[in-house]
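Trainee: Take this structure first; my questions come after.
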Amino acid sequence: MYPLNNRSDLVTILEKVFPKWIDSILIENDQIVVLPNEKIRQDLNSFFYTLSRSSLFKFKSLNDLFGVDLLNYPSSFTSLVNSNFRYEVHYYLLSYVFKLRIRIITGLLPSNSETNTVTHTFSSANWLEREVWDLYGIHFYDHPDLRRILTDYGFAGFPLRKEFPLTGYVEVRYSEKRKRIILKPLALSQEYRKFEFTTPWDKFYLK
């Protein structure tokens, strides 16, 4: 087993083991970030299985998995993977043996917000991928139970997408007539809105 004593050793071995599968490896905020290419994105399970089971890495724990919507990002915050991508999925892995962490970022185009599940390698990805699907609409192919997990089953849209309205599309309320919870299209009447055009500081300057 090749000893991983520091981050530099890990970067070196990753480049040797996956020379054709990784676009680049960089260290950002004192953390190793791996940017896989299209070949890995088509077979994420093989890549993650190697990282988890191989004696070279032993990344046995998936600590976190989350999505990012890059819509209308400022130029200073463009995607590390590719500026053409609309979404990113971030994976945080931990090796208890070597006491090292790694972040893997995969990008998705606006026209194809779908990637492969990694639940076959990390069981903890099950609920995390369901959460990303529920909030971002990123589909995980071959997931064993891809259902909404935070919103209602009849919920329309994906709340963490940047084009989703802050007010939502429907409101939830209890109906005395039907004696149950109902979903009703949201209506914000103009006459019930209160507009305040002055600020608390005006009283000091208008004297």
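Labeling convention for the structure tokens: chains A, B, ... as they appear, residues from 1 per chain, ligands from 1 in order of appearance.
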Distance table requested - stretch 16-95 of chain A against stretch 129-137 of chain A, cut-off 12 Å, only C-alpha atoms: one row per qualifying residue with the closest atom pair and its distance in Å to one decimal, ordered by chain and rising residue number, as JSON lines.

Mentor:
{"residue": "A:Leu62", "atom": "CA", "partner": "A:Glu129", "partner_atom": "CA", "distance": 11.9}
{"residue": "A:Asp64", "atom": "CA", "partner": "A:Glu129", "partner_atom": "CA", "distance": 10.0}
{"residue": "A:Leu65", "atom": "CA", "partner": "A:Glu129", "partner_atom": "CA", "distance": 7.2}
{"residue": "A:Phe66", "atom": "CA", "partner": "A:Val132", "partner_atom": "CA", "distance": 6.1}
{"residue": "A:Gly67", "atom": "CA", "partner": "A:Val132", "partner_atom": "CA", "distance": 5.8}
{"residue": "A:Val68", "atom": "CA", "partner": "A:Tyr136", "partner_atom": "CA", "distance": 8.0}
{"residue": "A:Asp69", "atom": "CA", "partner": "A:Tyr136", "partner_atom": "CA", "distance": 7.6}
{"residue": "A:Leu70", "atom": "CA", "partner": "A:Tyr136", "partner_atom": "CA", "distance": 11.3}
{"residue": "A:Leu71", "atom": "CA", "partner": "A:Tyr136", "partner_atom": "CA", "distance": 11.9}
{"residue": "A:Arg86", "atom": "CA", "partner": "A:Tyr136", "partner_atom": "CA", "distance": 11.0}
{"residue": "A:Tyr87", "atom": "CA", "partner": "A:Tyr136", "partner_atom": "CA", "distance": 8.7}
{"residue": "A:Glu88", "atom": "CA", "partner": "A:Tyr136", "partner_atom": "CA", "distance": 10.2}
{"residue": "A:Val89", "atom": "CA", "partner": "A:Val132", "partner_atom": "CA", "distance": 8.6}
{"residue": "A:His90", "atom": "CA", "partner": "A:Val132", "partner_atom": "CA", "distance": 10.5}
{"residue": "A:Tyr91", "atom": "CA", "partner": "A:Glu129", "partner_atom": "CA", "distance": 10.6}

Trainee: Can you check which residues of stretch 72-143 of chain A DSSP gives as strand (DSSP E or B) on the backbone and send them as a VMD selection string?

Mentor: chain A and resid 87 to 95 100 to 109 112 114 to 116 139 to 141

Trainee: Pick out the residues sitting within 7 Å of stretch 97-114 of chain A, and hand them over as a PyMOL selection string; count only C-alpha atoms, and ignore anything fewer than 4 positions along from it in its own chain.

Mentor: chain A and resi 4+31-36+41+58+81+84-93+138-141

Trainee: May I have the selected residues written with C-alpha atoms, as a compact mmCIF listing (two decimals), in the first residue's frame?

Mentor:
# COMPACT_ATOMS: atom_id res chain seq x y z
CA LEU A 4 -0.50 8.83 1.84
CA GLN A 31 -8.63 21.32 0.27
CA ILE A 32 -8.10 18.94 -2.67
CA VAL A 33 -10.67 19.47 -5.43
CA VAL A 34 -10.99 16.90 -8.22
CA LEU A 35 -12.64 17.91 -11.49
CA PRO A 36 -13.58 14.75 -13.42
CA ARG A 41 -19.44 11.40 -15.23
CA LYS A 58 -9.76 4.14 1.39
CA VAL A 81 -15.63 22.77 -13.89
CA ASN A 84 -21.15 26.46 -19.67
CA PHE A 85 -22.56 24.26 -16.94
CA ARG A 86 -25.80 25.21 -15.21
CA TYR A 87 -25.53 22.88 -12.21
CA GLU A 88 -22.83 21.29 -10.10
CA VAL A 89 -22.95 18.30 -7.78
CA HIS A 90 -20.34 18.33 -5.00
CA TYR A 91 -19.18 15.17 -3.20
CA TYR A 92 -17.13 15.29 0.04
CA LEU A 93 -15.22 12.11 0.88
CA ILE A 138 -31.15 17.07 -10.76
CA HIS A 139 -32.06 13.51 -11.70
CA PHE A 140 -29.90 10.62 -10.45
CA TYR A 141 -30.07 7.75 -12.88

Trainee: Please report the interatomic distance between atom CA of A:Ser123 and atom CA of A:Arg147 in Å with one decimal.

Mentor: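 So the two atoms, atom CA of A:Ser123 and atom CA of A:Arg147, lie 15.8 Å apart.
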
Trainee: Which is closest to A:Phe48 among A:His143, A:Lys60, A:Lys179, A:Arg173, if we use only C-alpha atoms?

Mentor: A:Lys60

Trainee: Could you give me, as a list in words, the residues within 6 Å of A:Glu171, counting only C-alpha atoms and dropping anything in the same chain fewer than 3 positions from it?

Mentor: Leu183, Lys184 and Leu186 of chain A

Trainee: Next, write the just-selected residues to a file, as an mmCIF file, in the first residue's frame, keeping C-alpha atoms as the atom set.

Mentor:
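Contents of out-v9.cif, as written:
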data_model
loop_
_atom_site.group_PDB
_atom_site.id
_atom_site.type_symbol
_atom_site.label_atom_id
_atom_site.label_comp_id
_atom_site.auth_asym_id
_atom_site.auth_seq_id
_atom_site.Cartn_x
_atom_site.Cartn_y
_atom_site.Cartn_z
ATOM 1 C CA LEU A 183 -53.102 23.498 -1.643
ATOM 2 C CA LYS A 184 -54.358 26.694 -3.214
ATOM 3 C CA LEU A 186 -51.022 31.772 -4.462
#

Trainee: Nearest to A:Tyr96 among A:Thr117, A:Asn45, A:Asn63, A:Asn72, with distances taken over only C-alpha atoms: which residue is it?

Mentor: A:Asn63

Trainee: To one decimal in Å, tell me the separation between atom CA of A:Leu56 and atom CA of A:Thr119.

Mentor: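 Spanning atom CA of A:Leu56 to atom CA of A:Thr119 is a straight-line distance of 21.4 Å.
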